[in-house]
Every structure is written in C-alpha cells, then in structure tokens.
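Novice: Got work-v3.cif for you, mmCIF, C-alpha atoms:
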data_run
#
loop_
_atom_site.label_atom_id
_atom_site.label_comp_id
_atom_site.auth_asym_id
_atom_site.auth_seq_id
_atom_site.Cartn_x
_atom_site.Cartn_y
_atom_site.Cartn_z
CA MET A 1 175.11 18.34 143.97
CA ALA A 2 174.35 17.60 147.55
CA VAL A 3 175.43 21.11 148.43
CA LYS A 4 173.01 22.55 145.93
CA ASP A 5 170.13 20.51 147.29
CA ARG A 6 171.04 21.37 150.81
CA ASP A 7 171.38 25.01 149.78
CA ARG A 8 167.95 24.80 148.21
CA PHE A 9 166.36 23.73 151.46
CA SER A 10 168.27 26.11 153.68
CA THR A 11 166.39 28.78 155.54
CA ALA A 12 168.30 31.65 154.04
CA THR A 13 167.62 30.46 150.53
CA ARG A 14 163.94 29.94 151.27
CA LEU A 15 163.69 33.40 152.83
CA ARG A 16 165.42 34.97 149.87
CA LEU A 17 163.11 33.14 147.47
CA LEU A 18 160.06 34.08 149.54
CA GLY A 19 161.21 37.72 149.57
CA GLU A 20 161.60 37.75 145.80
CA GLN A 21 158.11 36.29 145.32
CA THR A 22 156.64 38.81 147.73
CA ALA A 23 158.43 41.66 146.00
CA ALA A 24 157.08 40.47 142.66
CA ARG A 25 153.54 40.38 144.05
CA VAL A 26 153.90 43.83 145.57
CA TYR A 27 155.27 45.17 142.30
CA ARG A 28 152.33 43.63 140.37
CA SER A 29 149.77 45.06 142.80
CA GLN A 30 151.40 48.50 142.62
CA THR A 31 151.18 48.51 138.82
CA ARG A 32 147.52 47.49 139.09
CA ARG A 33 146.84 50.28 141.55
CA GLN A 34 148.55 52.78 139.32
CA ALA A 35 146.45 51.60 136.40
CA ARG A 36 143.33 51.91 138.55
CA ARG A 37 144.32 55.35 139.79
CA SER A 38 144.68 56.63 136.27
CA ARG A 39 141.08 55.68 135.65
CA LEU A 40 138.03 57.64 136.80
CA THR A 41 137.59 57.40 140.54
CA GLY A 42 134.31 57.45 142.39
CA ARG A 43 134.82 60.99 143.65
CA ALA A 44 135.70 62.26 140.20
CA ALA A 45 132.62 60.58 138.74
CA LEU A 46 130.43 62.16 141.41
CA LEU A 47 131.98 65.55 140.75
CA ALA A 48 131.40 65.18 137.01
CA LEU A 49 127.79 64.17 137.65
CA VAL A 50 127.21 67.19 139.89
CA LEU A 51 128.77 69.54 137.34
CA CYS A 52 126.66 68.11 134.51
CA SER A 53 123.53 68.45 136.64
CA LEU A 54 124.37 72.09 137.38
CA ILE A 55 124.95 72.81 133.72
CA VAL A 56 121.63 71.23 132.74
CA ALA A 57 119.80 72.99 135.57
CA LEU A 58 121.25 76.40 134.67
CA ALA A 59 121.03 76.16 130.88
CA TYR A 60 117.36 77.18 130.58
CA PRO A 61 117.51 80.14 133.00
CA ILE A 62 120.63 81.46 131.32
CA ARG A 63 119.00 81.18 127.92
CA GLN A 64 115.96 83.03 129.23
CA TYR A 65 118.17 85.72 130.72
CA VAL A 66 120.02 86.26 127.44
CA SER A 67 116.80 86.40 125.40
CA GLN A 68 115.20 88.83 127.86
CA ARG A 69 118.27 91.08 127.75
CA ALA A 70 118.03 91.11 123.94
CA GLU A 71 114.33 91.94 124.14
CA ILE A 72 115.03 94.76 126.60
CA ALA A 73 117.68 96.20 124.28
CA ASP A 74 115.24 96.04 121.36
CA LEU A 75 112.51 97.78 123.37
CA GLU A 76 114.93 100.50 124.46
CA ARG A 77 115.88 101.06 120.82
CA GLN A 78 112.20 101.31 119.86
CA GLN A 79 111.62 103.73 122.72
CA ALA A 80 114.47 105.95 121.52
CA GLN A 81 113.00 105.95 118.00
CA ALA A 82 109.59 106.85 119.37
CA ARG A 83 111.07 109.76 121.36
CA GLU A 84 112.82 110.98 118.23
CA ARG A 85 109.56 110.78 116.26
CA VAL A 86 107.73 112.71 119.02
CA GLU A 87 110.37 115.46 118.80
CA GLN A 88 109.96 115.62 115.02
CA LEU A 89 106.18 115.90 115.37
CA ARG A 90 106.54 118.64 118.01
CA ASP A 91 108.81 120.57 115.64
CA LEU A 92 106.29 120.13 112.82
CA LYS A 93 103.45 121.28 115.06
CA ALA A 94 105.45 124.35 116.05
CA ARG A 95 106.08 125.15 112.38
CA TRP A 96 102.38 124.82 111.57
CA GLN A 97 101.65 127.34 114.34
CA ASP A 98 103.54 129.94 112.29
CA ASP A 99 101.18 131.67 109.84
CA ALA A 100 103.87 132.19 107.20
CA TYR A 101 104.69 128.46 107.08
CA ALA A 102 101.00 127.53 106.94
CA GLN A 103 100.42 129.98 104.09
CA GLN A 104 103.44 128.62 102.21
CA GLN A 105 102.20 125.03 102.55
CA ILE A 106 98.66 125.97 101.48
CA ARG A 107 99.96 127.70 98.37
CA LEU A 108 102.29 124.79 97.58
CA ARG A 109 99.94 121.89 98.22
CA LEU A 110 96.53 123.29 97.33
CA HIS A 111 97.64 125.75 94.63
CA TYR A 112 95.91 128.67 96.31
CA VAL A 113 96.76 132.21 95.26
CA LEU A 114 96.24 135.49 97.06
CA PRO A 115 93.81 138.02 95.68
CA GLY A 116 95.41 139.89 92.79
CA GLU A 117 97.84 137.08 91.91
CA THR A 118 97.60 134.89 88.82
CA GLY A 119 98.08 131.17 89.35
CA TYR A 120 99.71 129.01 86.74
CA ILE A 121 99.90 125.23 86.58
CA VAL A 122 102.45 123.70 84.22
CA ILE A 123 101.23 120.51 82.64
CA ASP A 124 103.68 117.90 81.45
CA PRO A 125 103.36 117.62 77.65
CA ASP A 126 104.04 113.89 77.75
CA ALA A 127 101.11 113.41 80.11
CA ALA A 128 98.82 115.25 77.69
CA ARG A 129 99.87 113.02 74.79
CA GLN A 130 99.34 109.96 76.92
CA SER A 131 95.81 111.04 77.85
CA ARG A 132 95.01 111.58 74.15
CA ALA A 133 96.22 108.05 73.40
CA ASP A 134 93.84 106.77 76.06
CA LEU A 135 90.96 108.63 74.39
CA THR A 136 91.66 106.98 71.04
CA SER A 137 91.65 103.57 72.68
CA ALA A 138 88.11 104.21 73.95
CA THR A 139 86.82 104.44 70.39
CA ARG A 140 88.40 101.15 69.29
CA PRO A 141 86.96 97.70 69.95
CA TRP A 142 87.96 96.11 73.25
CA TYR A 143 89.83 93.19 71.67
CA ASP A 144 92.13 95.60 69.79
CA ASN A 145 93.01 97.26 73.09
CA ILE A 146 93.84 93.89 74.65
CA TRP A 147 95.97 92.87 71.67
CA ASP A 148 97.86 96.19 71.75
CA GLY A 149 98.48 95.67 75.46
CA VAL A 150 99.95 92.24 74.75
CA ASP A 151 102.16 93.67 72.00
CA ARG A 152 103.40 96.49 74.28
CA SER A 153 104.23 94.12 77.10
CA ASP A 154 106.03 91.82 74.68
CA LYS A 155 108.16 94.68 73.35
CA SER A 156 109.02 95.98 76.82
CA GLY A 157 110.21 92.51 77.90
CA ARG A 158 113.06 92.53 75.37
#
Show the structure stored in the file as structure tokens.
Specialist:
Amino acid sequence: MAVKDRDRFSTATRLRLLGEQTAARVYRSQTRRQARRSRLTGRAALLALVLCSLIVALAYPIRQYVSQRAEIADLERQQAQARERVEQLRDLKARWQDDAYAQQQIRLRLHYVLPGETGYIVIDPDAARQSRADLTSATRPWYDNIWDGVDRSDKSGR
C-alpha cells in the first residue's frame, strides 16, 4: 500500500493526472465552441439584417415598377384598339364618299325611292294585331288594364 501512496504522490503520476484533467477541460471547451459555432454568429446576424433591410427598401420600388409596366401594357393595348378604330372609320368615310354606297344606304335606311319606282313596306302581321289589342285596352277602365297586366305577368312566370 505504501507503493500505491508513494506512486500517488510521484511527479509522473501527478503530471499524468494533470494532463488528463487538462485534456478533459480542452475537450469540454471544444464541444462548447462547436455548439457556439453552429449558432448564429455576429457576422451572420449582421448580414441577415442588411439583407432584410435591402428587401424592405426595394419592395416598394419593385412593386411600383411592376404596376407601372402593367399600366403601360394596358395603355399600349388601348392605343392599338384606337388605331384599329381609326382605320375602320377611315374605311367607312371612304365608302361614304362613293355615291353608289351613299345611295344604297339612303334607300335602305330612309326608304327613299327613285322617281318612277314604287316603294313597298312590309308590315309584320303580329305587330298589327298587337297594336289593335292596345287600342281595345284604351277603351276599357284603367283598373282592368292593370289587372290584365298582373295576370299576364303571372302566366309568363310559370
């Protein structure tokens, strides 16, 4: 037992023990550093802050740019439609300059006839019957007309 005690107090044993303790401390500090390194560092936090600031600063101008580009595209589309309409109106004006086209339109729209021609207008027979029905309603009392209107609307709803 005396050898063990003496061995315990020997320099070599103490140095070995001291080396093991130091190694354990170094190992513990290295694991702590590794744990710290895996976390967010100061430089990374600063970089993230700068990037977020840039994103916030550029968000509004980019949104404005996109909306203005959309507005420009819409205005260009409207301009193309207006040019097309101008071309149509120029074609129509050129047609109206032709006497034959003007005469055709006058005869069609205003029912004009040339001297010596006989003009006919075909009347829809259903329209004539309908106008006669309106004449008979003028001779009846007003409340009968209202009641007939209610009856007709009720029948048409089914």
Novice: For segment 90-103 of chain A, list every protein, DNA or RNA residue within 12 Å, evaluated using all atoms listed in the file, and leave out those in the same chain fewer than 6 positions away; present the list as a list of chain:residue names.
Specialist: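 Contacts, in chain order: A:Arg83, A:Glu84, A:Arg109, A:Leu110, A:His111, A:Tyr112, A:Val113, A:Leu114.
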Novice: Do you have the atom CA of Ser153 of chain A-atom CA of Ile123 of chain A distance handy?
Specialist: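 For atom CA of Ser153 of chain A relative to atom CA of Ile123 of chain A, the distance reads 27.1 Å.
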Novice: Measure the distance from atom CA of Ile106 of chain A to atom CA of Val122 of chain A in Å and round it to one decimal.
Specialist: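 According to the coordinates, atom CA of Ile106 of chain A and atom CA of Val122 of chain A are separated by 17.8 Å.
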Novice: Enter the distance from atom CA of Leu108 of chain A to atom CA of Asp126 of chain A, in Å, rounded to one decimal.
Specialist: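 Separation of atom CA of Leu108 of chain A and atom CA of Asp126 of chain A: 22.7 Å.
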